[in-house]
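Novice: After the structure tokens below, expect a handful of questions from me.
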Amino acid sequence: MYEICPETPADEPEVEALYDLCFAPGRTALSSYRLRDGVPKVADLCLVLRADGILLAAIRFWPVRVADQPVLLLGPIAVHPTAQGEGLGGLLMRDSLARARTLGWARVLLVGDAPYYSRFGFARLDDVIMPPPTNPDRVLGLELRPGAWVDVAGPVTRETMPDANRISRSTNALPPCVTVGHPQEDTDAHQSATGASADQ
Ligand SMILES: CC(C)(COP(=O)(O)OP(=O)(O)OC[C@H]1O[C@@H](n2cnc3c(N)ncnc32)[C@H](O)[C@@H]1OP(=O)(O)O)[C@@H](O)C(=O)NCCC(=O)NCCS
């Protein structure tokens, strides 16, 4: 069994170590990190996945803006190398996106491999521009609300409003932690536990 919980300050050193393990050295030099510097994470959506207390995967989100509209920037997401390919990344993707929808977020952005993220509904955003140098083919978006990316185009900018996460703080509708079975053994149980919808 796995437990998925919101990340707490106590988790942070382990999560940073997992990201250091899974990504190339200098990951924080990427231009996407300039959108995160000094901006609080979207705390309700930053999740850790543990088995028997051992951290196996983590996902984080930050608020950004495109055309002055609020957007969720997904990432980083990482699964420990010993547990990759077992569906844990998919668990975190589906659970966090279901939480985001519950919280009222309309649109999500990420920089990543389309062959992986397309299975969650992400597609290339032709007119959304990440800070250079970013390969435009890797700028992907997902609508949590139908039409949410229509006419939302231009450069991605930092969130500058201090209360930008207010929709995350204004609800207690989310379960703090959920226990789920192995994704490749019991898909129905997972969906029941997380409330993830089948159309993601
Ligand atoms: C990418 C990552 C989060 C996926 O999590 P995971 O638990 O290993 O993946 P899942 O078990 O949910 O899904 C496995 C499937 O995704 C595919 N996949 C994994 N990474 C992929 C990638 N970068 N591009 C295309 N497909 C990928 C696998 O081939 C497998 O395909 P299949 O279902 O057809 O067999 C994880 O492998 C990881 O942490 N990698 C290193 C860090 C990283 O690259 N993070 C993403 C930054 S964009």
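Residues are named by chain letter and number: chains run A, B, ... in the order of the structure tokens, numbers start at 1 in each chain, and ligands are numbered from 1 in the order shown.
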Pick out the residues no farther than 7 Å from ligand 1, counting only C-alpha atoms and all ligand atoms, and list them as a CSV table (one decimal) with N, CA and C atoms, in the first residue's frame.
Specialist:
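What ended up in pocket21.csv:
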chain,number,residue,atom,x,y,z
A,22,CYS,N,17.1,12.3,-9.2
A,22,CYS,CA,16.4,12.0,-10.4
A,22,CYS,C,16.7,12.9,-11.6
A,23,PHE,N,17.2,14.1,-11.3
A,23,PHE,CA,17.4,15.1,-12.3
A,23,PHE,C,18.9,15.4,-12.5
A,76,PRO,N,8.6,20.1,-10.2
A,76,PRO,CA,9.0,18.8,-10.7
A,76,PRO,C,8.2,17.7,-10.2
A,77,ILE,N,8.2,16.6,-11.0
A,77,ILE,CA,7.6,15.3,-10.5
A,77,ILE,C,8.8,14.3,-10.7
A,78,ALA,N,8.9,13.5,-9.7
A,78,ALA,CA,10.0,12.5,-9.8
A,78,ALA,C,9.6,11.2,-9.0
A,79,VAL,N,10.0,10.1,-9.5
A,79,VAL,CA,9.8,8.8,-8.9
A,79,VAL,C,11.2,8.2,-8.7
A,80,HIS,N,11.4,7.6,-7.5
A,80,HIS,CA,12.7,7.0,-7.2
A,80,HIS,C,13.1,6.0,-8.3
A,81,PRO,N,14.4,6.0,-8.7
A,81,PRO,CA,14.7,5.1,-9.8
A,81,PRO,C,14.4,3.7,-9.5
A,83,ALA,N,11.7,2.6,-8.3
A,83,ALA,CA,10.3,2.4,-8.4
A,83,ALA,C,9.7,2.9,-9.6
A,84,GLN,N,10.5,3.3,-10.6
A,84,GLN,CA,10.0,3.9,-11.8
A,84,GLN,C,9.3,2.8,-12.7
A,85,GLY,N,8.3,3.2,-13.5
A,85,GLY,CA,7.7,2.3,-14.4
A,85,GLY,C,6.6,1.4,-13.7
A,86,GLU,N,6.3,1.7,-12.5
A,86,GLU,CA,5.3,0.9,-11.7
A,86,GLU,C,4.0,1.7,-11.6
A,87,GLY,N,3.9,2.8,-12.2
A,87,GLY,CA,2.6,3.5,-12.2
A,87,GLY,C,2.6,4.6,-11.1
A,88,LEU,N,3.6,4.8,-10.4
A,88,LEU,CA,3.6,5.8,-9.2
A,88,LEU,C,3.5,7.2,-9.8
A,89,GLY,N,4.2,7.5,-10.9
A,89,GLY,CA,4.1,8.8,-11.5
A,89,GLY,C,2.7,9.1,-11.9
A,90,GLY,N,2.1,8.1,-12.5
A,90,GLY,CA,0.7,8.2,-12.9
A,90,GLY,C,-0.3,8.5,-11.7
A,91,LEU,N,0.0,7.8,-10.6
A,91,LEU,CA,-0.8,8.0,-9.4
A,91,LEU,C,-0.7,9.4,-8.9
A,111,VAL,N,6.6,21.7,-18.5
A,111,VAL,CA,7.6,21.5,-19.5
A,111,VAL,C,8.1,20.1,-19.4
A,112,GLY,N,7.8,19.3,-20.4
A,112,GLY,CA,8.2,17.9,-20.3
A,112,GLY,C,8.0,17.1,-21.6
A,113,ASP,N,8.1,15.8,-21.5
A,113,ASP,CA,8.1,14.9,-22.6
A,113,ASP,C,6.6,14.6,-23.0
A,114,ALA,N,6.2,15.1,-24.2
A,114,ALA,CA,4.8,14.9,-24.6
A,114,ALA,C,4.4,13.4,-24.6
A,115,PRO,N,5.3,12.5,-25.0
A,115,PRO,CA,4.9,11.1,-25.1
A,115,PRO,C,4.5,10.6,-23.7
A,116,TYR,N,5.0,11.1,-22.6
A,116,TYR,CA,4.6,10.7,-21.3
A,116,TYR,C,3.3,11.5,-20.9
Novice: Do you know which residues are at most 10 Å from Tyr33 of chain A counting only C-alpha atoms, after dropping those on the same chain fewer than 3 positions away, and could you put them as a VMD selection string?
Specialist: chain A and resid 27 to 30 36 to 38 62 75 to 76 131
Novice: Considering only C-alpha atoms, state which residue in the set A:Thr179, A:Thr157, A:Leu72, A:Leu103 is at the smallest distance from Glu143 of chain A.
Specialist: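 Once distances to Glu143 of chain A are computed over only C-alpha atoms, the minimum belongs to A:Leu72.
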Novice: Measure the distance from atom CA of Lys41 of chain A to atom CA of Arg107 of chain A in Å and round it to one decimal.
Specialist: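 Computing it gives 16.1 Å between the two atoms.
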Novice: Measuring between only C-alpha atoms, which one of A:Leu47, A:Leu55, A:Pro155, A:Tyr117 shows the shortest distance to Leu35 of chain A?
Specialist: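 Closest to Leu35 of chain A of all the choices is A:Pro155.
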Novice: May I have all residues of chain A that DSSP, computed from the backbone, assigns to alpha helix (DSSP H), given as a PyMOL selection string?
Specialist: chain A and resi 12-22+31-34+88-103+114-117+166-169+187-194
Novice: Assign secondary structure with DSSP using the backbone only, and return the residues of chain A in strand (DSSP E or B) as a short mmCIF file (atom, residue, chain, number, x, y, z; two decimals) with C-alpha atoms, in the first residue's frame.
Specialist:
data_model
loop_
_atom_site.label_atom_id
_atom_site.label_comp_id
_atom_site.auth_asym_id
_atom_site.auth_seq_id
_atom_site.Cartn_x
_atom_site.Cartn_y
_atom_site.Cartn_z
CA TYR A 2 1.05 3.56 -0.65
CA GLU A 3 0.20 6.74 1.21
CA ILE A 4 -0.14 10.02 -0.67
CA CYS A 5 -0.02 13.13 1.53
CA PRO A 6 0.50 16.85 1.08
CA LEU A 47 2.28 15.65 -2.70
CA VAL A 48 4.60 12.96 -1.42
CA LEU A 49 4.07 9.23 -1.96
CA ARG A 50 5.49 6.84 0.62
CA ALA A 51 5.51 3.08 1.16
CA ILE A 54 9.93 5.52 2.59
CA LEU A 55 9.65 8.38 0.10
CA LEU A 56 9.19 6.99 -3.40
CA ALA A 57 7.78 9.91 -5.37
CA ALA A 58 6.95 13.60 -5.16
CA ILE A 59 5.21 16.26 -7.20
CA ARG A 60 5.10 20.03 -6.78
CA PHE A 61 3.12 22.89 -8.32
CA TRP A 62 3.67 26.64 -8.48
CA PRO A 63 1.32 29.43 -9.49
CA VAL A 64 2.29 31.38 -12.62
CA ARG A 65 0.51 33.75 -14.98
CA VAL A 66 -0.15 33.72 -18.73
CA GLN A 69 -4.61 34.51 -16.06
CA PRO A 70 -3.74 32.16 -13.17
CA VAL A 71 -2.05 28.97 -14.30
CA LEU A 72 -0.66 25.98 -12.42
CA LEU A 73 2.93 25.13 -13.29
CA LEU A 74 3.30 21.37 -12.74
CA GLY A 75 6.69 20.11 -11.69
CA PRO A 76 9.02 18.83 -10.73
CA ILE A 77 7.64 15.30 -10.54
CA ALA A 78 10.01 12.46 -9.78
CA VAL A 79 9.83 8.80 -8.88
CA ARG A 107 -5.49 25.23 -16.49
CA VAL A 108 -2.14 23.51 -16.02
CA LEU A 109 1.21 24.04 -17.74
CA LEU A 110 4.37 21.94 -17.69
CA VAL A 111 7.64 21.53 -19.51
CA ALA A 123 -0.91 18.72 -25.43
CA ARG A 124 1.52 21.24 -26.90
CA VAL A 128 2.53 29.97 -24.65
CA ILE A 129 6.14 31.02 -24.24
CA VAL A 139 5.60 23.32 -23.40
CA LEU A 140 2.42 21.38 -22.69
CA GLY A 141 -0.96 22.31 -21.27
CA LEU A 142 -4.09 20.70 -19.86
CA GLU A 143 -7.54 22.20 -19.43
CA GLY A 154 1.93 34.80 -24.50
CA PRO A 155 4.87 34.71 -22.10
CA VAL A 156 4.68 32.79 -18.83
CA THR A 157 5.36 35.16 -15.96
CA ARG A 158 5.90 34.90 -12.21
CA VAL A 178 -5.08 8.92 0.95
CA THR A 179 -4.01 5.30 1.05
CA VAL A 180 -3.92 3.55 -2.30
#
Novice: Quote the spacing between atom CA of Pro132 of chain A and atom CA of Ala24 of chain A in Å to one decimal place.
Specialist: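 Computing it gives 18.3 Å between the two atoms.
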Novice: Near Ala106 of chain A, counting only C-alpha atoms, which residues have an atom at most 7 Å away, once you skip same-chain residues fewer than 3 positions from it, shown as number ranges by chain?
Specialist: A: 143-145, 148
Novice: In Å, rounded to a single decimal, give me how far atom CA of Met93 of chain A is from atom CA of Glu16 of chain A.
Specialist: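 Computing the Euclidean distance for atom CA of Glu16 of chain A and atom CA of Met93 of chain A yields 18.5 Å.
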